[in-house]
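Printed here is input-v9.pdb (PDB, C-alpha atoms and all ligand atoms):
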ATOM      1  CA  MET A 203      -4.310  -1.663  16.543
ATOM      2  CA  PRO A 204      -6.036   1.463  15.211
ATOM      3  CA  LEU A 205      -6.065   2.064  11.467
ATOM      4  CA  PRO A 206      -7.482   4.959   9.475
ATOM      5  CA  VAL A 207     -10.768   4.213   7.752
ATOM      6  CA  PHE A 208     -10.708   3.863   3.980
ATOM      7  CA  HIS A 209     -13.750   3.475   1.803
ATOM      8  CA  ASN A 210     -13.960   0.895  -0.964
ATOM      9  CA  PRO A 211     -12.776   2.151  -4.362
ATOM     10  CA  PRO A 212     -15.477   2.927  -6.911
ATOM     11  CA  GLU A 213     -16.314   0.209  -9.446
ATOM     12  CA  ASN A 214     -13.977   0.147 -12.449
ATOM     13  CA  HIS A 215     -11.455   2.343 -10.676
ATOM     14  CA  VAL A 216      -7.892   1.511 -11.639
ATOM     15  CA  GLY A 217      -7.089   0.656  -8.003
ATOM     16  CA  THR A 218      -9.670  -2.134  -7.877
ATOM     17  CA  SER A 219      -7.024  -4.687  -8.889
ATOM     18  CA  PHE A 220      -4.844  -3.604  -5.961
ATOM     19  CA  TRP A 221      -7.695  -4.200  -3.499
ATOM     20  CA  GLU A 222      -8.583  -7.547  -5.115
ATOM     21  CA  GLY A 223      -4.992  -8.583  -4.375
ATOM     22  CA  VAL A 224      -5.306  -7.416  -0.783
ATOM     23  CA  ASP A 225      -8.513  -9.421  -0.407
ATOM     24  CA  ALA A 226      -6.577 -12.466  -1.693
ATOM     25  CA  GLY A 227      -3.755 -11.843   0.810
ATOM     26  CA  GLU A 228      -1.316 -10.522  -1.790
ATOM     27  CA  LEU A 229       0.320  -7.197  -2.431
ATOM     28  CA  ARG A 230      -0.123  -6.643  -6.186
ATOM     29  CA  LEU A 231       1.342  -3.691  -8.043
ATOM     30  CA  ALA A 232       0.949  -2.541 -11.628
ATOM     31  CA  ARG A 233       3.638  -2.801 -14.271
ATOM     32  CA  CYS A 234       3.677  -2.019 -17.967
ATOM     33  CA  SER A 235       2.945  -5.098 -20.099
ATOM     34  CA  SER A 236       5.408  -3.878 -22.736
ATOM     35  CA  CYS A 237       8.554  -2.690 -20.935
ATOM     36  CA  GLN A 238       7.804  -4.293 -17.508
ATOM     37  CA  ARG A 239       8.459  -1.009 -15.714
ATOM     38  CA  TRP A 240       6.594  -0.675 -12.411
ATOM     39  CA  GLN A 241       4.009   2.056 -12.512
ATOM     40  CA  TRP A 242       2.888   3.246  -9.130
ATOM     41  CA  TYR A 243       0.479   4.861  -8.859
ATOM     42  CA  PRO A 244      -1.367   3.513 -11.869
ATOM     43  CA  ASP A 245      -3.742   6.007 -13.417
ATOM     44  CA  ASP A 246      -6.582   6.127 -15.908
ATOM     45  CA  VAL A 247      -4.195   7.243 -18.672
ATOM     46  CA  GLY A 248      -2.554   3.793 -18.696
ATOM     47  CA  PRO A 249       1.002   2.469 -18.702
ATOM     48  CA  CYS A 250       4.039   4.200 -20.154
ATOM     49  CA  CYS A 251       4.162   2.389 -23.528
ATOM     50  CA  PRO A 252       1.568   2.920 -26.279
ATOM     51  CA  GLY A 253      -0.860   0.010 -26.568
ATOM     52  CA  ALA A 254       0.328  -1.605 -23.335
ATOM     53  CA  THR A 255      -1.884  -2.653 -20.433
ATOM     54  CA  TYR A 256      -1.318  -2.897 -16.703
ATOM     55  CA  GLU A 257      -0.101  -6.272 -15.452
ATOM     56  CA  TRP A 258      -0.967  -6.675 -11.789
ATOM     57  CA  THR A 259       1.910  -8.609 -10.281
ATOM     58  CA  ALA A 260       2.200 -10.011  -6.755
ATOM     59  CA  VAL A 261       5.306  -8.724  -4.966
ATOM     60  CA  ALA A 262       7.147 -10.142  -1.960
ATOM     61  CA  GLY A 263       5.663  -7.672   0.515
ATOM     62  CA  THR A 264       8.981  -7.029   2.227
ATOM     63  CA  GLY A 265      10.945  -3.829   2.219
ATOM     64  CA  THR A 266      12.502  -0.953   4.127
ATOM     65  CA  VAL A 267      10.932   2.022   5.893
ATOM     66  CA  HIS A 268      11.913   5.138   3.934
ATOM     67  CA  THR A 269      10.052   7.504   6.268
ATOM     68  CA  PHE A 270       6.996   7.554   8.522
ATOM     69  CA  THR A 271       4.787   9.705  10.708
ATOM     70  CA  THR A 272       2.406   8.974  13.538
ATOM     71  CA  VAL A 273      -0.950  10.759  13.412
ATOM     72  CA  ARG A 274      -2.033  11.482  16.975
ATOM     73  CA  ARG A 275      -5.117  13.606  16.260
ATOM     74  CA  SER A 276      -7.624  12.692  13.568
ATOM     75  CA  PHE A 277      -8.054  15.085  10.659
ATOM     76  CA  LEU A 278     -11.628  13.970  10.073
ATOM     77  CA  PRO A 279     -14.476  15.045  12.343
ATOM     78  CA  GLY A 280     -15.956  12.105  14.203
ATOM     79  CA  ALA A 281     -13.120   9.745  13.316
ATOM     80  CA  SER A 282     -11.496   8.180  16.335
ATOM     81  CA  THR A 283      -8.840   5.935  14.845
ATOM     82  CA  ALA A 284      -5.822   7.991  15.916
ATOM     83  CA  PRO A 285      -3.107   7.334  16.801
ATOM     84  CA  TYR A 286      -1.977   5.485  13.694
ATOM     85  CA  THR A 287       1.310   5.381  11.797
ATOM     86  CA  VAL A 288       1.689   5.911   8.068
ATOM     87  CA  GLY A 289       4.934   5.087   6.320
ATOM     88  CA  LEU A 290       6.604   5.193   2.956
ATOM     89  CA  VAL A 291       7.968   1.698   2.268
ATOM     90  CA  GLU A 292      10.574   0.868  -0.371
ATOM     91  CA  LEU A 293       9.556  -2.592  -1.535
ATOM     92  CA  ASP A 294      12.100  -5.313  -2.287
ATOM     93  CA  GLY A 295      12.334  -6.186  -5.974
ATOM     94  CA  VAL A 296      10.170  -3.262  -7.040
ATOM     95  CA  ASP A 297      12.570  -0.634  -8.333
ATOM     96  CA  GLY A 298      11.421   2.942  -8.081
ATOM     97  CA  VAL A 299       8.304   2.306  -5.997
ATOM     98  CA  ARG A 300       7.655   3.663  -2.533
ATOM     99  CA  LEU A 301       4.302   2.502  -1.195
ATOM    100  CA  VAL A 302       2.338   4.649   1.260
ATOM    101  CA  SER A 303       0.873   2.283   3.802
ATOM    102  CA  ASN A 304       0.036   1.755   7.440
ATOM    103  CA  LEU A 305       2.791   0.681   9.801
ATOM    104  CA  ASP A 306       2.012  -1.160  13.025
ATOM    105  CA  ALA A 307       1.179   1.684  15.422
ATOM    106  CA  ASP A 308       2.437  -0.280  18.426
ATOM    107  CA  VAL A 309       6.053  -0.267  17.174
ATOM    108  CA  GLU A 310       8.744   2.362  17.783
ATOM    109  CA  TRP A 311       9.828   2.813  14.153
ATOM    110  CA  SER A 312      13.116   4.041  12.732
ATOM    111  CA  ILE A 313      13.994   4.934   9.171
ATOM    112  CA  GLY A 314      15.686   1.923   7.574
ATOM    113  CA  ASP A 315      13.753  -0.695   9.568
ATOM    114  CA  ARG A 316      13.022  -3.904   7.664
ATOM    115  CA  VAL A 317       9.326  -4.714   7.257
ATOM    116  CA  THR A 318       6.954  -7.334   5.934
ATOM    117  CA  VAL A 319       3.301  -6.904   5.037
ATOM    118  CA  ARG A 320       0.415  -8.289   7.045
ATOM    119  CA  PHE A 321      -3.264  -7.956   6.189
ATOM    120  CA  ASP A 322      -5.587  -6.762   8.956
ATOM    121  CA  GLU A 323      -9.340  -6.654   8.651
ATOM    122  CA  VAL A 324     -10.976  -3.355   9.577
ATOM    123  CA  ASP A 325     -14.698  -2.761   9.093
ATOM    124  CA  GLY A 326     -15.019  -5.899   6.945
ATOM    125  CA  ARG A 327     -12.166  -5.047   4.603
ATOM    126  CA  ALA A 328      -8.550  -6.253   4.578
ATOM    127  CA  HIS A 329      -5.861  -3.566   4.732
ATOM    128  CA  PRO A 330      -2.102  -3.908   4.247
ATOM    129  CA  VAL A 331      -0.131  -3.097   7.384
ATOM    130  CA  PHE A 332       3.644  -3.330   7.579
ATOM    131  CA  VAL A 333       5.181  -4.921  10.652
ATOM    132  CA  PRO A 334       8.803  -5.558  11.655
ATOM    133  CA  ALA A 335      10.398  -8.287   9.537
TER     134      ALA A 335
HETATM  135 ZN    ZN A 401       6.240   0.651 -20.734
END

Step by step, read the file and then write its structure as structure tokens.
Ligand SMILES: [Zn+2]
Amino acid sequence: MPLPVFHNPPENHVGTSFWEGVDAGELRLARCSSCQRWQWYPDDVGPCCPGATYEWTAVAGTGTVHTFTTVRRSFLPGASTAPYTVGLVELDGVDGVRLVSNLDADVEWSIGDRVTVRFDEVDGRAHPVFVPA
């Protein structure tokens, strides 16, 4: 299955914890250590409450397709990964978060489809890909 190519995040980037989770076979998202509110995307400013830190918490990895699109022609010169499908997934148990991620490009998707995450290795790096649940 084709997937777009992503480069590794820079060292000390706030997203490093997300990719460490992916490498461990988990989908981990950030939440505020004080009020426990999910914060996606996390940023360099930090969580919503003063003095709080990000807690990277493993989530179930199941959810519902909110929307999606299939890219049939690559935007990047020289890239040949198209077609691939990118979706916005509402994750179970993670209120207020819609995760942009790859959907299995070999599936005829519909809005509202139930999904579960799978981790595919591309160019030596694991990537989350949602497949039908
Ligand atoms: Zn907070």

query: Can you list, as a PyMOL selection string, every protein, DNA or RNA residue that comes within 8 Å of A:Val331 when you count all atoms listed in the file, leaving out same-chain residues fewer than 3 positions away?
result: chain A and resi 303-306+319-322

message: Could you list, as a list of chain:residue names, every residue matched by the PyMOL selection byres (((chain A and resi 311) around 10) and not hetatm) in this structure?
response: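 Those residues are A:Val267, A:Thr269, A:Phe270, A:Thr271, A:Thr272, A:Thr287, A:Gly289, A:Leu305, A:Asp306, A:Ala307, A:Asp308, A:Val309, A:Glu310, A:Ser312, A:Ile313, A:Gly314, A:Asp315, A:Arg316, A:Val333, A:Pro334.
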
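Going from atom CA of A:Trp258 to atom CA of A:Phe220 covers 7.6 Å.
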
message: Report as number ranges by chain all protein, DNA and RNA residues lying within 12 Å of A:Val216, evaluated on all atoms listed in the file, omitting residues in the same chain fewer than 6 positions from it.
response: A: 222, 231-232, 241-249, 255-258

Within 10 Å of ligand ZN 401 (chain A), which residues of chain A come that close, and what is the closest atom pair and distance in Å for each? Count only C-alpha atoms and all ligand atoms and give it as JSON lines.
{"residue": "A:Arg233", "atom": "CA", "partner": "A:ZN401", "partner_atom": "ZN", "distance": 7.8}
{"residue": "A:Cys234", "atom": "CA", "partner": "A:ZN401", "partner_atom": "ZN", "distance": 4.6}
{"residue": "A:Ser235", "atom": "CA", "partner": "A:ZN401", "partner_atom": "ZN", "distance": 6.7}
{"residue": "A:Ser236", "atom": "CA", "partner": "A:ZN401", "partner_atom": "ZN", "distance": 5.0}
{"residue": "A:Cys237", "atom": "CA", "partner": "A:ZN401", "partner_atom": "ZN", "distance": 4.1}
{"residue": "A:Gln238", "atom": "CA", "partner": "A:ZN401", "partner_atom": "ZN", "distance": 6.1}
{"residue": "A:Arg239", "atom": "CA", "partner": "A:ZN401", "partner_atom": "ZN", "distance": 5.7}
{"residue": "A:Trp240", "atom": "CA", "partner": "A:ZN401", "partner_atom": "ZN", "distance": 8.4}
{"residue": "A:Gln241", "atom": "CA", "partner": "A:ZN401", "partner_atom": "ZN", "distance": 8.6}
{"residue": "A:Gly248", "atom": "CA", "partner": "A:ZN401", "partner_atom": "ZN", "distance": 9.6}
{"residue": "A:Pro249", "atom": "CA", "partner": "A:ZN401", "partner_atom": "ZN", "distance": 5.9}
{"residue": "A:Cys250", "atom": "CA", "partner": "A:ZN401", "partner_atom": "ZN", "distance": 4.2}
{"residue": "A:Cys251", "atom": "CA", "partner": "A:ZN401", "partner_atom": "ZN", "distance": 3.9}
{"residue": "A:Pro252", "atom": "CA", "partner": "A:ZN401", "partner_atom": "ZN", "distance": 7.6}
{"residue": "A:Gly253", "atom": "CA", "partner": "A:ZN401", "partner_atom": "ZN", "distance": 9.2}
{"residue": "A:Ala254", "atom": "CA", "partner": "A:ZN401", "partner_atom": "ZN", "distance": 6.8}
{"residue": "A:Thr255", "atom": "CA", "partner": "A:ZN401", "partner_atom": "ZN", "distance": 8.8}
{"residue": "A:Tyr256", "atom": "CA", "partner": "A:ZN401", "partner_atom": "ZN", "distance": 9.3}

Padding 3 Å on every side, please: axis-aligned box over the listed atoms of stretch 220-235 of chain A, centre and edge lengths to one decimal in Å, as AutoDock Vina command-line options.
--center_x -2.5 --center_y -7.2 --center_z -9.6 --size_x 18.3 --size_y 16.4 --size_z 26.9

Within 8 Å of A:Ala260, counting all atoms listed in the file, which residues show up once you throw out same-chain ones fewer than 4 positions away? Write them as an mmCIF file with C-alpha atoms, in the frame of the given file, please.
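Saved file out21.cif follows:
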data_model
loop_
_atom_site.group_PDB
_atom_site.id
_atom_site.type_symbol
_atom_site.label_atom_id
_atom_site.label_comp_id
_atom_site.auth_asym_id
_atom_site.auth_seq_id
_atom_site.Cartn_x
_atom_site.Cartn_y
_atom_site.Cartn_z
ATOM 1 C CA GLY A 223 -4.992 -8.583 -4.375
ATOM 2 C CA GLU A 228 -1.316 -10.522 -1.790
ATOM 3 C CA LEU A 229 0.320 -7.197 -2.431
ATOM 4 C CA ARG A 230 -0.123 -6.643 -6.186
ATOM 5 C CA LEU A 231 1.342 -3.691 -8.043
#

message: Suppose a student applies the PyMOL selection byres (((chain A and resi 295) around 8) and not hetatm) to this structure; what residues should they get, written as an MDAnalysis selection string?
response: chainID A and resid 261:262 293:294 296:297

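The space between atom CA of A:His215 and atom CA of A:Leu278 spans 23.8 Å.
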
- prompt: What is the atom CA of A:Thr218-atom CA of A:Pro330 distance in Å, reported with one decimal?
  reply: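 Going from atom CA of A:Thr218 over to atom CA of A:Pro330 covers 14.4 Å.
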
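Each of A:Val317, A:Leu301, A:Ala328, A:Val291 was checked against A:Thr264 using only C-alpha atoms; the smallest atom-to-atom distance is that of A:Val317.
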
field: Proximity to A:Glu292 - best of A:Phe332, A:Thr259, A:Gly326, A:Pro279, only C-alpha atoms
entry: A:Phe332
